[in-house]
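Peer 1: Below you will find the structure I want to go over with you.
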Amino acid sequence: MRLGLTTWSMVAVRAEEAIPLLASIGFDSVEIAVVPGWRDAVDLLTPARRRRIRQLLLEYDLHLAAIAGNTDLLADDPDELAENWCTLTRTVDLAAEWAARQGPPPVDTYVGGRPGEWDQKRDVLIERLGRLCDYAAERGVTIALQPHMDGALDTPEKVPILLDALARPNLGITLDINDFTVQGIPLEEVFSQLGRFMLLTQVKDERGRQPGYQFTVPGDGEFYYVRYLRALRAAGFDGDVCVEISLRVQRQPGFDPTRAITQSYAVLASAFETAGLTRHR
């Protein structure tokens, strides 16, 4: 496995600064977030910036775990949906452009919508996500769909239904385990249902359970990283474990992204050692 970080955790930091920083701390990989509002939003990535970021990944030997294009596929407004579709397809194009020897990085995105809308919007989602997968397949790109506790795809049992209905070979999931554990779902239960679909994993820290939960910087909560890593190994996963700092944490007064990710690395690197897992590039 590799220990990485998603730049979703660093809204105001450009990839040109994030890549050297992550490498100096010791991370093996990075997921680059290119969503609107971030310093690396796909619309802000000029050809010169794209070339520079790709060069820095090679220079610092940092594996590109994924590109986060997190955009609502279930938007009701036609103009919003068209804009979101443009963002996602441009993100797929970027993944193809940044392909390495092993191929393009997956594009990580969520479904959108709200809890309770699954039955109402499932058929719409199947149609829209199918079109996205077909667009990506033409470019050799894989879609890593992220279930999310605040969206329509909010519980583990819905995921196999959706993926089996689509039956696209270039579709898997990004598993952010904390979206399920704060709902009180044991991580072993999550892996038993979703382990076969995992392309990428993300992890935060947490305190409490819904509705009174908090996400925190790794090391400031109660999450059981060694147990989590051992469960990943038991599920046969050998990809990227990317730290994510929640936006709720980033918006707190005095948040320091460098301090947060340095602490996160120390906590996760120690957990890898305790779990007996060897990291690789």
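The way I read the labels, and the way they are meant: chains A, B, ... in the order of the structure tokens, residue 1 as the first residue of every chain, and ligand 1 as the first ligand shown, with later ones counted on from there.
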Name the residues in contact with Val11 of chain A at a cut-off of 8 Å, using only C-alpha atoms, excluding same-chain residues fewer than 6 positions from it; report them as number ranges by chain.
Peer 2: A: 37-39
Peer 1: Print the selection's residues with N, CA, C and O atoms to a file, as an mmCIF file, in the first residue's frame.
Peer 2:
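After the write, part.cif holds the following:
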data_model
loop_
_atom_site.group_PDB
_atom_site.id
_atom_site.type_symbol
_atom_site.label_atom_id
_atom_site.label_comp_id
_atom_site.auth_asym_id
_atom_site.auth_seq_id
_atom_site.Cartn_x
_atom_site.Cartn_y
_atom_site.Cartn_z
ATOM 1 N N GLY A 37 -13.440 26.166 -6.808
ATOM 2 C CA GLY A 37 -13.207 26.720 -5.483
ATOM 3 C C GLY A 37 -11.849 26.389 -4.915
ATOM 4 O O GLY A 37 -11.382 27.040 -3.982
ATOM 5 N N TRP A 38 -11.183 25.365 -5.462
ATOM 6 C CA TRP A 38 -9.841 25.001 -5.032
ATOM 7 C C TRP A 38 -8.810 25.733 -5.905
ATOM 8 O O TRP A 38 -9.102 26.127 -7.034
ATOM 9 N N ARG A 39 -7.587 25.855 -5.377
ATOM 10 C CA ARG A 39 -6.546 26.567 -6.126
ATOM 11 C C ARG A 39 -6.145 25.808 -7.385
ATOM 12 O O ARG A 39 -5.539 26.387 -8.293
#
Peer 1: Need to verify the contact set: Ala234 of chain A, 12 Å, only C-alpha atoms, exclusion of same-chain residues closer than 2 positions in sequence. Can you return it as a VMD selection string?
Peer 2: chain A and resid 188 191 to 192 195 to 196 227 to 232 236 to 238 275 277
Peer 1: Could you please take those selected residues and save all heavy atoms as a compact mmCIF listing (two decimals), in the first residue's frame?
Peer 2:
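Saved result, part-v7.txt, follows:
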# COMPACT_ATOMS: atom_id res chain seq x y z
N GLU A 188 -15.51 -3.64 9.46
CA GLU A 188 -15.44 -4.97 8.86
C GLU A 188 -16.70 -5.26 8.02
O GLU A 188 -16.62 -5.91 6.97
CB GLU A 188 -15.28 -6.03 9.93
CG GLU A 188 -13.91 -6.02 10.63
CD GLU A 188 -13.83 -5.03 11.77
OE1 GLU A 188 -14.84 -4.34 12.05
OE2 GLU A 188 -12.76 -4.91 12.38
N PHE A 191 -16.25 -3.36 4.70
CA PHE A 191 -15.33 -4.04 3.79
C PHE A 191 -15.95 -5.29 3.20
O PHE A 191 -15.69 -5.63 2.04
CB PHE A 191 -14.02 -4.38 4.50
CG PHE A 191 -13.14 -3.19 4.75
CD1 PHE A 191 -12.53 -3.00 5.97
CD2 PHE A 191 -12.92 -2.26 3.76
CE1 PHE A 191 -11.73 -1.90 6.21
CE2 PHE A 191 -12.11 -1.15 3.98
CZ PHE A 191 -11.51 -0.97 5.21
N SER A 192 -16.76 -6.00 3.98
CA SER A 192 -17.37 -7.22 3.46
C SER A 192 -18.31 -6.91 2.30
O SER A 192 -18.48 -7.72 1.38
CB SER A 192 -18.12 -7.96 4.57
OG SER A 192 -19.29 -7.26 4.96
N GLY A 195 -15.47 -4.18 -0.26
CA GLY A 195 -14.04 -4.41 -0.50
C GLY A 195 -13.71 -4.71 -1.94
O GLY A 195 -12.69 -4.27 -2.47
N ARG A 196 -14.56 -5.45 -2.64
CA ARG A 196 -14.25 -5.85 -4.02
C ARG A 196 -14.33 -4.70 -5.01
O ARG A 196 -13.85 -4.81 -6.14
CB ARG A 196 -15.20 -6.96 -4.46
CG ARG A 196 -16.68 -6.59 -4.52
CD ARG A 196 -17.56 -7.82 -4.71
NE ARG A 196 -18.98 -7.55 -4.60
CZ ARG A 196 -19.81 -7.49 -5.63
NH1 ARG A 196 -19.33 -7.68 -6.86
NH2 ARG A 196 -21.09 -7.26 -5.45
N ARG A 227 -6.41 -1.23 13.17
CA ARG A 227 -7.50 -2.15 12.82
C ARG A 227 -7.98 -1.91 11.38
O ARG A 227 -8.23 -2.86 10.64
CB ARG A 227 -8.64 -1.94 13.82
CG ARG A 227 -9.88 -2.79 13.56
CD ARG A 227 -10.91 -2.50 14.64
NE ARG A 227 -12.26 -2.80 14.22
CZ ARG A 227 -13.35 -2.33 14.81
NH1 ARG A 227 -13.25 -1.54 15.87
NH2 ARG A 227 -14.55 -2.65 14.35
N TYR A 228 -8.09 -0.65 11.02
CA TYR A 228 -8.51 -0.28 9.66
C TYR A 228 -7.52 -0.79 8.62
O TYR A 228 -7.91 -1.41 7.62
CB TYR A 228 -8.62 1.24 9.60
CG TYR A 228 -8.63 1.87 8.24
CD1 TYR A 228 -9.72 1.76 7.39
CD2 TYR A 228 -7.53 2.62 7.81
CE1 TYR A 228 -9.74 2.38 6.15
CE2 TYR A 228 -7.54 3.25 6.58
CZ TYR A 228 -8.63 3.13 5.75
OH TYR A 228 -8.63 3.74 4.52
N LEU A 229 -6.23 -0.59 8.83
CA LEU A 229 -5.23 -1.02 7.87
C LEU A 229 -5.17 -2.54 7.75
O LEU A 229 -5.02 -3.08 6.65
CB LEU A 229 -3.86 -0.46 8.25
CG LEU A 229 -3.70 1.06 8.11
CD1 LEU A 229 -2.40 1.53 8.75
CD2 LEU A 229 -3.75 1.48 6.64
N ARG A 230 -5.30 -3.21 8.87
CA ARG A 230 -5.32 -4.68 8.82
C ARG A 230 -6.54 -5.20 8.08
O ARG A 230 -6.47 -6.21 7.37
CB ARG A 230 -5.23 -5.24 10.24
CG ARG A 230 -3.84 -5.09 10.86
CD ARG A 230 -3.79 -5.52 12.30
NE ARG A 230 -2.42 -5.51 12.81
CZ ARG A 230 -2.10 -5.51 14.09
NH1 ARG A 230 -3.05 -5.53 15.02
NH2 ARG A 230 -0.82 -5.49 14.47
N ALA A 231 -7.68 -4.51 8.25
CA ALA A 231 -8.88 -4.91 7.52
C ALA A 231 -8.72 -4.66 6.02
O ALA A 231 -9.19 -5.46 5.20
CB ALA A 231 -10.10 -4.14 8.06
N LEU A 232 -8.04 -3.59 5.65
CA LEU A 232 -7.75 -3.34 4.24
C LEU A 232 -6.89 -4.47 3.67
O LEU A 232 -7.16 -4.97 2.57
CB LEU A 232 -7.00 -2.01 4.08
CG LEU A 232 -7.81 -0.72 4.03
CD1 LEU A 232 -6.87 0.48 3.93
CD2 LEU A 232 -8.78 -0.72 2.85
N GLY A 236 -7.60 -7.59 0.70
CA GLY A 236 -6.79 -7.71 -0.51
C GLY A 236 -6.45 -6.39 -1.16
O GLY A 236 -5.97 -6.36 -2.30
N PHE A 237 -6.64 -5.28 -0.44
CA PHE A 237 -6.36 -3.96 -1.01
C PHE A 237 -4.87 -3.67 -0.94
O PHE A 237 -4.23 -3.87 0.07
CB PHE A 237 -7.14 -2.89 -0.24
CG PHE A 237 -6.95 -1.50 -0.79
CD1 PHE A 237 -7.60 -1.11 -1.95
CD2 PHE A 237 -6.14 -0.59 -0.15
CE1 PHE A 237 -7.44 0.17 -2.47
CE2 PHE A 237 -5.97 0.69 -0.65
CZ PHE A 237 -6.63 1.07 -1.81
N ASP A 238 -4.31 -3.14 -2.04
CA ASP A 238 -2.89 -2.81 -2.08
C ASP A 238 -2.68 -1.49 -2.83
O ASP A 238 -1.71 -1.33 -3.56
CB ASP A 238 -2.09 -3.93 -2.76
CG ASP A 238 -0.59 -3.75 -2.58
OD1 ASP A 238 -0.18 -3.22 -1.53
OD2 ASP A 238 0.16 -4.11 -3.51
N ALA A 275 0.81 -2.10 12.21
CA ALA A 275 0.02 -3.11 11.49
C ALA A 275 0.89 -4.10 10.72
O ALA A 275 0.38 -5.09 10.19
CB ALA A 275 -0.95 -2.43 10.54
N LEU A 277 2.62 -3.43 7.93
CA LEU A 277 2.45 -3.25 6.50
C LEU A 277 3.64 -2.53 5.88
O LEU A 277 4.11 -1.52 6.42
CB LEU A 277 1.19 -2.45 6.20
CG LEU A 277 -0.13 -3.08 6.66
CD1 LEU A 277 -1.30 -2.16 6.31
CD2 LEU A 277 -0.33 -4.44 6.06
Peer 1: Looking at A:Ile25, A:Ala165, A:Met149, A:Leu88, which one is nearest to Val182 of chain A, with distances taken over only C-alpha atoms?
Peer 2: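 Selected residue with least distance to Val182 of chain A: A:Met149.
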Peer 1: Determine which residues of segment 71-221 of chain A receive a DSSP assignment of alpha helix (DSSP H), computed from the backbone, and state them as a ChimeraX atom specification.
Peer 2: /A:78-97,118-137,158-166,178-181,187-194
Peer 1: Tell me, as a list in words, which residues lie within 7 Å of Ala65 of chain A, counting only C-alpha atoms; anything in the same chain fewer than 5 positions away does not count.
Peer 2: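 Once the nearby chain positions are removed, what remains is Ser29, Val30, Glu31, Pro105 and Asp240 of chain A.
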Peer 1: What would the file look like if the residues just selected were written as a compact mmCIF listing (two decimals), in the first residue's frame with N, CA, C and O atoms?
Peer 2:
# COMPACT_ATOMS: atom_id res chain seq x y z
N SER A 29 2.16 9.27 -2.06
CA SER A 29 1.26 9.57 -3.17
C SER A 29 0.40 10.78 -2.84
O SER A 29 0.36 11.25 -1.70
N VAL A 30 -0.30 11.25 -3.87
CA VAL A 30 -1.18 12.41 -3.71
C VAL A 30 -2.38 12.24 -4.63
O VAL A 30 -2.26 11.73 -5.74
N GLU A 31 -3.53 12.64 -4.13
CA GLU A 31 -4.71 12.83 -4.97
C GLU A 31 -4.88 14.33 -5.14
O GLU A 31 -4.93 15.07 -4.14
N PRO A 105 -4.61 8.09 -13.94
CA PRO A 105 -5.15 7.96 -12.58
C PRO A 105 -6.68 7.93 -12.64
O PRO A 105 -7.29 8.48 -13.58
N ASP A 240 -3.84 2.99 -2.62
CA ASP A 240 -3.51 4.22 -1.90
C ASP A 240 -4.47 4.48 -0.75
O ASP A 240 -5.70 4.41 -0.92
Peer 1: Considering only C-alpha atoms, return as an NGL selection string whatever protein or nucleic-acid residues lie within 12 Å of Leu162 of chain A, sequence-local ones (same chain, fewer than 2 positions apart) excluded.
Peer 2: :A and (111 or 118-119 or 121-130 or 145 or 147 or 152-153 or 155-160 or 164-168 or 171-173 or 194 or 197)
Peer 1: May I have all residues of segment 108-162 of chain A that DSSP, computed from the backbone, assigns to strand (DSSP E), given as a list in words?
Peer 2: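 Taking segment 108-162 of chain A and keeping strand (DSSP E) gives Asp108, Thr109, Tyr110, Ile143, Ala144, Leu145 and Gln146 of chain A.
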Peer 1: Go ahead and dump the residues you just picked, all heavy atoms, as a PDB file, in the first residue's frame.
Peer 2:
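Below is the file result.pdb, written as the result:
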ATOM      1  N   ASP A 108     -11.979  10.601  -9.194  1.00  0.00           N
ATOM      2  CA  ASP A 108     -12.754  10.424  -7.971  1.00  0.00           C
ATOM      3  C   ASP A 108     -13.889  11.444  -7.975  1.00  0.00           C
ATOM      4  O   ASP A 108     -13.665  12.647  -8.122  1.00  0.00           O
ATOM      5  CB  ASP A 108     -11.810  10.646  -6.787  1.00  0.00           C
ATOM      6  CG  ASP A 108     -12.475  10.596  -5.428  1.00  0.00           C
ATOM      7  OD1 ASP A 108     -13.615  10.138  -5.338  1.00  0.00           O
ATOM      8  OD2 ASP A 108     -11.813  11.024  -4.452  1.00  0.00           O
ATOM      9  N   THR A 109     -15.120  10.979  -7.834  1.00  0.00           N
ATOM     10  CA  THR A 109     -16.254  11.902  -7.733  1.00  0.00           C
ATOM     11  C   THR A 109     -17.360  11.275  -6.914  1.00  0.00           C
ATOM     12  O   THR A 109     -17.407  10.058  -6.742  1.00  0.00           O
ATOM     13  CB  THR A 109     -16.789  12.302  -9.123  1.00  0.00           C
ATOM     14  OG1 THR A 109     -17.753  13.360  -8.957  1.00  0.00           O
ATOM     15  CG2 THR A 109     -17.447  11.126  -9.838  1.00  0.00           C
ATOM     16  N   TYR A 110     -18.233  12.129  -6.391  1.00  0.00           N
ATOM     17  CA  TYR A 110     -19.368  11.603  -5.645  1.00  0.00           C
ATOM     18  C   TYR A 110     -20.640  11.727  -6.468  1.00  0.00           C
ATOM     19  O   TYR A 110     -20.646  12.269  -7.575  1.00  0.00           O
ATOM     20  CB  TYR A 110     -19.515  12.261  -4.277  1.00  0.00           C
ATOM     21  CG  TYR A 110     -19.462  13.771  -4.256  1.00  0.00           C
ATOM     22  CD1 TYR A 110     -20.412  14.542  -4.911  1.00  0.00           C
ATOM     23  CD2 TYR A 110     -18.467  14.437  -3.536  1.00  0.00           C
ATOM     24  CE1 TYR A 110     -20.380  15.917  -4.862  1.00  0.00           C
ATOM     25  CE2 TYR A 110     -18.421  15.822  -3.484  1.00  0.00           C
ATOM     26  CZ  TYR A 110     -19.377  16.556  -4.147  1.00  0.00           C
ATOM     27  OH  TYR A 110     -19.333  17.925  -4.099  1.00  0.00           O
ATOM     28  N   ILE A 143     -13.496   5.535 -13.351  1.00  0.00           N
ATOM     29  CA  ILE A 143     -14.227   6.383 -12.421  1.00  0.00           C
ATOM     30  C   ILE A 143     -14.256   5.712 -11.050  1.00  0.00           C
ATOM     31  O   ILE A 143     -14.657   4.556 -10.917  1.00  0.00           O
ATOM     32  CB  ILE A 143     -15.672   6.631 -12.902  1.00  0.00           C
ATOM     33  CG1 ILE A 143     -15.670   7.289 -14.284  1.00  0.00           C
ATOM     34  CG2 ILE A 143     -16.439   7.478 -11.892  1.00  0.00           C
ATOM     35  CD1 ILE A 143     -15.026   8.654 -14.331  1.00  0.00           C
ATOM     36  N   ALA A 144     -13.837   6.460 -10.031  1.00  0.00           N
ATOM     37  CA  ALA A 144     -13.858   5.983  -8.644  1.00  0.00           C
ATOM     38  C   ALA A 144     -14.964   6.740  -7.915  1.00  0.00           C
ATOM     39  O   ALA A 144     -14.763   7.857  -7.433  1.00  0.00           O
ATOM     40  CB  ALA A 144     -12.509   6.201  -7.968  1.00  0.00           C
ATOM     41  N   LEU A 145     -16.132   6.148  -7.855  1.00  0.00           N
ATOM     42  CA  LEU A 145     -17.310   6.798  -7.284  1.00  0.00           C
ATOM     43  C   LEU A 145     -17.245   6.750  -5.759  1.00  0.00           C
ATOM     44  O   LEU A 145     -16.989   5.705  -5.177  1.00  0.00           O
ATOM     45  CB  LEU A 145     -18.571   6.092  -7.775  1.00  0.00           C
ATOM     46  CG  LEU A 145     -19.897   6.760  -7.428  1.00  0.00           C
ATOM     47  CD1 LEU A 145     -20.043   8.083  -8.163  1.00  0.00           C
ATOM     48  CD2 LEU A 145     -21.049   5.822  -7.770  1.00  0.00           C
ATOM     49  N   GLN A 146     -17.507   7.888  -5.141  1.00  0.00           N
ATOM     50  CA  GLN A 146     -17.390   7.958  -3.680  1.00  0.00           C
ATOM     51  C   GLN A 146     -18.770   8.004  -3.009  1.00  0.00           C
ATOM     52  O   GLN A 146     -19.470   9.014  -3.105  1.00  0.00           O
ATOM     53  CB  GLN A 146     -16.584   9.188  -3.266  1.00  0.00           C
ATOM     54  CG  GLN A 146     -16.348   9.261  -1.779  1.00  0.00           C
ATOM     55  CD  GLN A 146     -15.421  10.383  -1.355  1.00  0.00           C
ATOM     56  OE1 GLN A 146     -15.415  10.772  -0.195  1.00  0.00           O
ATOM     57  NE2 GLN A 146     -14.635  10.894  -2.278  1.00  0.00           N
TER      58      GLN A 146
END
Peer 1: Would you pick out the contacts of segment 1-10 of chain A at 10 Å or less, using only C-alpha atoms, so that residues sharing its chain but fewer than 6 positions from it are not included, and give the list as a PyMOL selection string?
Peer 2: chain A and resi 18-19+22-23+26-35+38-40+62-68+70+201-203+229+232-233+237-247+249-250+256-258+260-261+264-265+268-269+272+277-281
Peer 1: Would you mind telling me which residue in A:Leu73, A:Leu94, A:Ala15, A:Met198 lies nearest to Arg131 of chain A when using only C-alpha atoms?
Peer 2: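 So, comparing all the options, the nearest one is A:Leu73.
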Peer 1: Which value, in Å to one decimal, gives the distance between atom CA of Gly103 of chain A and atom CA of Thr142 of chain A?
Peer 2: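 So the answer is 9.8 Å.
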